Each structure stands twice: as C-alpha cells, then as structure tokens.
>>> print(open('work27.pdb').read())   # PDB, C-alpha atoms and all ligand atoms
ATOM      1  CA  MET A  19      -9.262  24.003  -9.758
ATOM      2  CA  GLN A  20      -7.815  21.169  -7.662
ATOM      3  CA  LYS A  21     -10.279  21.930  -4.847
ATOM      4  CA  LYS A  22     -13.220  21.607  -7.225
ATOM      5  CA  ILE A  23     -11.936  18.273  -8.540
ATOM      6  CA  SER A  24     -11.485  16.950  -5.026
ATOM      7  CA  GLU A  25     -14.983  17.951  -3.992
ATOM      8  CA  ILE A  26     -16.544  16.209  -6.985
ATOM      9  CA  ALA A  27     -14.488  13.060  -6.466
ATOM     10  CA  ALA A  28     -15.423  12.993  -2.783
ATOM     11  CA  ARG A  29     -19.095  13.424  -3.635
ATOM     12  CA  VAL A  30     -18.978  10.595  -6.168
ATOM     13  CA  GLU A  31     -17.294   8.361  -3.577
ATOM     14  CA  ALA A  32     -19.872   9.278  -0.926
ATOM     15  CA  GLU A  33     -22.661   8.328  -3.339
ATOM     16  CA  HIS A  34     -20.922   5.005  -4.038
ATOM     17  CA  GLU A  35     -21.113   4.219  -0.331
ATOM     18  CA  THR A  36     -24.833   5.092  -0.238
ATOM     19  CA  LEU A  37     -25.523   2.976  -3.333
ATOM     20  CA  LYS A  38     -23.620   0.050  -1.820
ATOM     21  CA  ARG A  39     -25.763   0.212   1.313
ATOM     22  CA  THR A  40     -28.953   0.260  -0.774
ATOM     23  CA  MET A  41     -27.742  -2.671  -2.885
ATOM     24  CA  SER A  42     -26.998  -4.721   0.183
ATOM     25  CA  ILE A  43     -30.517  -4.040   1.543
ATOM     26  CA  LEU A  44     -32.076  -5.028  -1.796
ATOM     27  CA  GLU A  45     -29.845  -8.100  -2.024
ATOM     28  CA  ASN A  46     -31.143  -9.279   1.337
ATOM     29  CA  GLU A  47     -34.719  -8.598   0.356
ATOM     30  CA  ILE A  48     -34.565 -10.534  -2.845
ATOM     31  CA  LYS A  49     -33.060 -13.533  -1.040
ATOM     32  CA  HIS A  50     -36.115 -13.774   1.231
ATOM     33  CA  GLU A  51     -38.218 -16.829   0.566
ATOM     34  CA  ILE A  52     -41.770 -15.908  -0.418
ATOM     35  CA  SER A  53     -44.759 -18.054  -1.265
ATOM     36  CA  SER A  54     -46.743 -17.961  -4.500
ATOM     37  CA  VAL A  55     -49.633 -16.482  -2.486
ATOM     38  CA  ASP A  56     -47.558 -13.440  -1.562
ATOM     39  CA  PHE A  57     -46.005 -13.026  -4.981
ATOM     40  CA  SER A  58     -48.094 -10.108  -6.278
ATOM     41  CA  VAL A  59     -47.744  -8.163  -3.014
ATOM     42  CA  TRP A  60     -44.001  -8.807  -2.970
ATOM     43  CA  LYS A  61     -43.761  -7.898  -6.653
ATOM     44  CA  LEU A  62     -45.372  -4.487  -6.249
ATOM     45  CA  GLU A  63     -43.221  -3.619  -3.246
ATOM     46  CA  PHE A  64     -40.034  -4.804  -4.871
ATOM     47  CA  MET A  65     -40.795  -2.908  -8.079
ATOM     48  CA  GLY A  66     -41.174   0.292  -6.049
ATOM     49  CA  LYS A  67     -37.847  -0.285  -4.349
ATOM     50  CA  LEU A  68     -36.140  -1.113  -7.634
ATOM     51  CA  ARG A  69     -37.553   2.051  -9.223
ATOM     52  CA  ASP A  70     -36.297   4.169  -6.317
ATOM     53  CA  PHE A  71     -32.909   2.532  -6.697
ATOM     54  CA  GLN A  72     -32.905   3.174 -10.448
ATOM     55  CA  SER A  73     -33.756   6.808  -9.853
ATOM     56  CA  SER A  74     -30.837   7.202  -7.383
ATOM     57  CA  LEU A  75     -28.613   5.513  -9.906
ATOM     58  CA  LEU A  76     -29.693   7.830 -12.734
ATOM     59  CA  LYS A  77     -28.939  10.857 -10.549
ATOM     60  CA  HIS A  78     -25.566   9.373  -9.664
ATOM     61  CA  PHE A  79     -24.750   8.769 -13.331
ATOM     62  CA  ASP A  80     -25.853  12.343 -14.133
ATOM     63  CA  LEU A  81     -23.473  13.632 -11.485
ATOM     64  CA  GLU A  82     -20.634  11.662 -13.022
ATOM     65  CA  GLU A  83     -21.460  12.545 -16.620
ATOM     66  CA  GLU A  84     -22.846  16.064 -16.330
ATOM     67  CA  GLY A  85     -21.443  17.252 -13.015
ATOM     68  CA  ASP A  86     -17.912  17.887 -14.334
ATOM     69  CA  PHE A  87     -16.567  14.640 -12.854
ATOM     70  CA  MET A  88     -15.732  12.860 -16.109
ATOM     71  CA  GLU A  89     -14.810  16.188 -17.707
ATOM     72  CA  GLU A  90     -12.305  16.965 -14.970
ATOM     73  CA  ILE A  91     -10.834  13.482 -15.159
ATOM     74  CA  LEU A  92     -10.274  13.903 -18.865
ATOM     75  CA  SER A  93      -8.835  17.381 -18.468
ATOM     76  CA  ILE A  94      -6.224  15.978 -16.064
ATOM     77  CA  ALA A  95      -5.664  12.644 -17.799
ATOM     78  CA  PRO A  96      -6.866  12.689 -21.431
ATOM     79  CA  GLN A  97      -5.090   9.362 -21.945
ATOM     80  CA  PHE A  98      -7.945   7.720 -20.008
ATOM     81  CA  GLN A  99     -10.582   8.606 -22.602
ATOM     82  CA  ASP A 100     -11.264   4.912 -23.326
ATOM     83  CA  ARG A 101     -11.818   4.125 -19.661
ATOM     84  CA  VAL A 102     -14.243   7.040 -19.295
ATOM     85  CA  GLU A 103     -16.141   6.010 -22.431
ATOM     86  CA  ARG A 104     -16.429   2.430 -21.196
ATOM     87  CA  LEU A 105     -17.825   3.654 -17.872
ATOM     88  CA  GLU A 106     -20.413   5.752 -19.675
ATOM     89  CA  GLU A 107     -21.431   2.760 -21.793
ATOM     90  CA  GLU A 108     -21.853   0.733 -18.633
ATOM     91  CA  HIS A 109     -24.221   3.389 -17.259
ATOM     92  CA  THR A 110     -26.469   2.865 -20.265
ATOM     93  CA  GLU A 111     -26.250  -0.934 -20.014
ATOM     94  CA  ILE A 112     -27.056  -1.017 -16.297
ATOM     95  CA  ILE A 113     -30.088   1.283 -16.663
ATOM     96  CA  SER A 114     -31.308  -0.705 -19.639
ATOM     97  CA  ASP A 115     -30.974  -4.009 -17.731
ATOM     98  CA  LEU A 116     -32.930  -2.528 -14.830
ATOM     99  CA  ASN A 117     -35.614  -1.356 -17.247
ATOM    100  CA  GLY A 118     -35.830  -4.898 -18.630
ATOM    101  CA  ILE A 119     -36.351  -6.398 -15.182
ATOM    102  CA  LEU A 120     -38.964  -3.785 -14.267
ATOM    103  CA  ALA A 121     -40.832  -4.322 -17.526
ATOM    104  CA  ASP A 122     -40.887  -8.098 -16.970
ATOM    105  CA  LEU A 123     -41.985  -7.775 -13.356
ATOM    106  CA  LYS A 124     -44.801  -5.479 -14.440
ATOM    107  CA  LYS A 125     -46.098  -8.132 -16.824
ATOM    108  CA  PHE A 126     -46.000 -10.902 -14.247
ATOM    109  CA  SER A 127     -49.143 -12.172 -12.578
ATOM    110  CA  ASP A 128     -49.479 -14.729  -9.772
ATOM    111  CA  ARG A 129     -48.994 -17.638 -12.138
ATOM    112  CA  ASP A 130     -45.551 -16.300 -13.071
ATOM    113  CA  PHE A 131     -44.250 -17.061  -9.591
ATOM    114  CA  PRO A 132     -41.777 -19.642 -10.990
ATOM    115  CA  GLN A 133     -40.055 -16.788 -12.846
ATOM    116  CA  LEU A 134     -38.893 -15.352  -9.548
ATOM    117  CA  ALA A 135     -35.656 -17.343  -9.614
ATOM    118  CA  GLY A 136     -34.755 -15.761 -12.951
ATOM    119  CA  ILE A 137     -35.510 -12.274 -11.630
ATOM    120  CA  ARG A 138     -33.339 -12.910  -8.582
ATOM    121  CA  LYS A 139     -30.504 -14.019 -10.819
ATOM    122  CA  ARG A 140     -30.778 -10.943 -13.070
ATOM    123  CA  VAL A 141     -30.903  -8.524 -10.140
ATOM    124  CA  GLY A 142     -27.819 -10.239  -8.703
ATOM    125  CA  GLU A 143     -26.016  -9.877 -12.037
ATOM    126  CA  ILE A 144     -26.813  -6.151 -12.208
ATOM    127  CA  PHE A 145     -25.458  -5.631  -8.716
ATOM    128  CA  THR A 146     -22.306  -7.552  -9.612
ATOM    129  CA  SER A 147     -21.849  -5.320 -12.678
ATOM    130  CA  LEU A 148     -22.451  -2.235 -10.593
ATOM    131  CA  TYR A 149     -19.965  -3.263  -7.906
ATOM    132  CA  SER A 150     -17.276  -3.783 -10.507
ATOM    133  CA  HIS A 151     -18.285  -0.562 -12.298
ATOM    134  CA  GLU A 152     -17.834   1.460  -9.113
ATOM    135  CA  ALA A 153     -14.550  -0.368  -8.397
ATOM    136  CA  ALA A 154     -13.306   0.636 -11.861
ATOM    137  CA  GLU A 155     -14.245   4.254 -11.089
ATOM    138  CA  ARG A 156     -12.402   4.138  -7.791
ATOM    139  CA  GLU A 157      -9.347   2.797  -9.581
ATOM    140  CA  LEU A 158      -9.625   5.548 -12.202
ATOM    141  CA  MET A 159      -9.864   8.208  -9.484
ATOM    142  CA  GLN A 160      -6.792   6.779  -7.799
ATOM    143  CA  ASP A 161      -4.868   6.804 -11.059
ATOM    144  CA  VAL A 162      -5.904  10.378 -11.803
ATOM    145  CA  TYR A 163      -5.995  12.203  -8.488
ATOM    146  CA  LEU A 164      -3.698  10.312  -6.166
ATOM    147  CA  GLN A 165      -0.965   9.281  -8.524
ATOM    148  CA  ASP A 166      -0.647  12.473 -10.494
ATOM    149  CA  HIS A 167      -2.005  15.190  -8.269
ATOM    150  CA  GLY A 168      -1.576  14.291  -4.624
ATOM    151  CA  PRO A 169      -4.200  13.026  -2.199
ATOM    152  CA  VAL A 170      -7.812  13.968  -2.885
ATOM    153  CA  ASP A 171      -8.198  15.502   0.555
TER     154      ASP A 171
HETATM  155 FE    FE B   1     -20.443   5.438 -12.991
HETATM  156 FE    FE B   2     -20.235   5.781  -9.846
END
>>> encode(input="work27.pdb", output="structure tokens", more="lines below")
Ligand SMILES: [Fe+2]
Ligand SMILES: [Fe+2]
Amino acid sequence: MQKKISEIAARVEAEHETLKRTMSILENEIKHEISSVDFSVWKLEFMGKLRDFQSSLLKHFDLEEEGDFMEEILSIAPQFQDRVERLEEEHTEIISDLNGILADLKKFSDRDFPQLAGIRKRVGEIFTSLYSHEAAERELMQDVYLQDHGPVD
C-alpha cells in the first residue's frame, strides 16, 4: 500500500514541476509587448497555448481527484478532509477562471487591443492561485507522507 501511495505522490509532484515550467513559459509570453496590428495573430496563438495548458491542468486535476491521490491521503489522514475539499474547490475555480479568459479572448477583435492589459492581469492572477494551490498540496503531502509515514521515497 505504501509503495502505491509513494508512486502517486511522486507522479503528482513530477506533474507540478512540468506545470511550473509551462507557466513560466506562458508568463514570459504574455509579458511580451505586442502592437495593435499583431493583436489578432497573437490572440489566436495565445488562446491555443492557454487551451493546451488548460487541458494539461484538467488531466492533472483528474489524476489528483480520480487517480487515488486524494483518496489515499484521506485514508491515511482523514483529519485533513477540509484541506482536500478546499483543494478540489480550487480546481473548479481555476478551470472556470481559465474558461472565462478564453471566452473573452474569443470575443475580442482588433479594436479590443486595449483589453490586453486586463487579460495579462487575469492570467497572472490564475498563475498566482495555481502556484499557491500546488504549494498547499506539497505541504499536505509533507504532513501526510513524511510526518506520519516516513519519506516518500
Ligand atoms: Fe490540485
Ligand atoms: Fe496539483
């Protein structure tokens, strides 16, 4: 049983590292100055990248929710039910915020170029939420696996 738990925790952590790398690439891209002339080209490309990111995120959340990760955490430490529930709520919030940004971007035409600053801000806020979400998961894993059951590996 312990081996299975460790493998899942390690996989979740490995995905966190991959997601962090993708977020840092996207963060750099959204910082790039673009002109109003390039807005629609930029928009289409950025939407594609954001959709790919959202899809990776959905798979990651599925792994955590359906791949026995949360279940194992609760079987070891049922006292952390509230923390697990909060994390699951955050999954829904983050995906919904991403959907909102994508829906707005889709509606934008060239004349909506001034809205770019707002989009940048919202993307930055999602990444901030996601960084602290993953940090909370790391802390939960430490409390569950390391403290009570020895090192993960
Ligand atoms: Fe999560
Ligand atoms: Fe996660």
>>> atom_distance(input="work27.pdb", atom1="atom CA of Lys67 of chain A", atom2="atom CA of Arg156 of chain A")
26.1 Å
>>> residues_near_point(input="work27.pdb", point="(-28.9, -2.1, -15.2)", cutoff="10 Å", atoms="only C-alpha atoms", output="PDB file with C-alpha atoms, in the coordinates of the input")
ATOM      1  CA  GLN A  72     -32.905   3.174 -10.448  1.00  0.00           C
ATOM      2  CA  LEU A  75     -28.613   5.513  -9.906  1.00  0.00           C
ATOM      3  CA  GLU A 108     -21.853   0.733 -18.633  1.00  0.00           C
ATOM      4  CA  HIS A 109     -24.221   3.389 -17.259  1.00  0.00           C
ATOM      5  CA  THR A 110     -26.469   2.865 -20.265  1.00  0.00           C
ATOM      6  CA  GLU A 111     -26.250  -0.934 -20.014  1.00  0.00           C
ATOM      7  CA  ILE A 112     -27.056  -1.017 -16.297  1.00  0.00           C
ATOM      8  CA  ILE A 113     -30.088   1.283 -16.663  1.00  0.00           C
ATOM      9  CA  SER A 114     -31.308  -0.705 -19.639  1.00  0.00           C
ATOM     10  CA  ASP A 115     -30.974  -4.009 -17.731  1.00  0.00           C
ATOM     11  CA  LEU A 116     -32.930  -2.528 -14.830  1.00  0.00           C
ATOM     12  CA  ASN A 117     -35.614  -1.356 -17.247  1.00  0.00           C
ATOM     13  CA  GLY A 118     -35.830  -4.898 -18.630  1.00  0.00           C
ATOM     14  CA  ILE A 119     -36.351  -6.398 -15.182  1.00  0.00           C
ATOM     15  CA  ARG A 140     -30.778 -10.943 -13.070  1.00  0.00           C
ATOM     16  CA  VAL A 141     -30.903  -8.524 -10.140  1.00  0.00           C
ATOM     17  CA  GLU A 143     -26.016  -9.877 -12.037  1.00  0.00           C
ATOM     18  CA  ILE A 144     -26.813  -6.151 -12.208  1.00  0.00           C
ATOM     19  CA  PHE A 145     -25.458  -5.631  -8.716  1.00  0.00           C
ATOM     20  CA  SER A 147     -21.849  -5.320 -12.678  1.00  0.00           C
ATOM     21  CA  LEU A 148     -22.451  -2.235 -10.593  1.00  0.00           C
TER      22      LEU A 148
END
>>> closest_residue(input="work27.pdb", among="A:Ala153, A:Met65, A:Ile94, A:Ile26", to="ligand FE 1 (chain B)", atoms="all atoms listed in the file")
A:Ala153
>>> residues_near_ligand(input="work27.pdb", ligand="ligand FE 1 (chain B)", cutoff="8 Å", atoms="all atoms listed in the file", output="list in words")
His78, Phe79, Glu82, Leu105, Glu106, Glu108, His109, His151, Glu152 and Glu155 of chain A
>>> residues_around(input="work27.pdb", residues="Trp60 of chain A", least_positions_apart="3", cutoff="12 Å", atoms="all atoms listed in the file", output="number ranges by chain")
A: 47-48, 50-57, 63-68, 123-124, 126-128, 131, 134
>>> closest_residue(input="work27.pdb", among="A:Lys61, A:Arg29, A:Arg129, A:Arg39", to="ligand FE 2 (chain B)", atoms="all atoms listed in the file")
A:Arg29
>>> atom_distance(input="work27.pdb", atom1="atom CA of Ala27 of chain A", atom2="atom CA of Phe87 of chain A")
6.9 Å
>>> atom_distance(input="work27.pdb", atom1="atom CA of Met159 of chain A", atom2="atom CA of Asp80 of chain A")
17.2 Å
>>> closest_residue(input="work27.pdb", among="A:Arg138, A:Arg69, A:Lys77, A:Lys125", to="ligand FE 2 (chain B)", atoms="only C-alpha atoms and all ligand atoms")
A:Lys77
>>> closest_residue(input="work27.pdb", among="A:Ala154, A:Met41, A:Leu92, A:Leu62", to="ligand FE 2 (chain B)", atoms="all atoms listed in the file")
A:Ala154
>>> closest_residue(input="work27.pdb", among="A:Lys139, A:Lys49, A:Arg101, A:His34", to="Leu81 of chain A", atoms="only C-alpha atoms")
A:His34
>>> closest_residue(input="work27.pdb", among="A:Ser58, A:Ser74, A:Gln133, A:Ser93", to="Thr36 of chain A", atoms="only C-alpha atoms")
A:Ser74
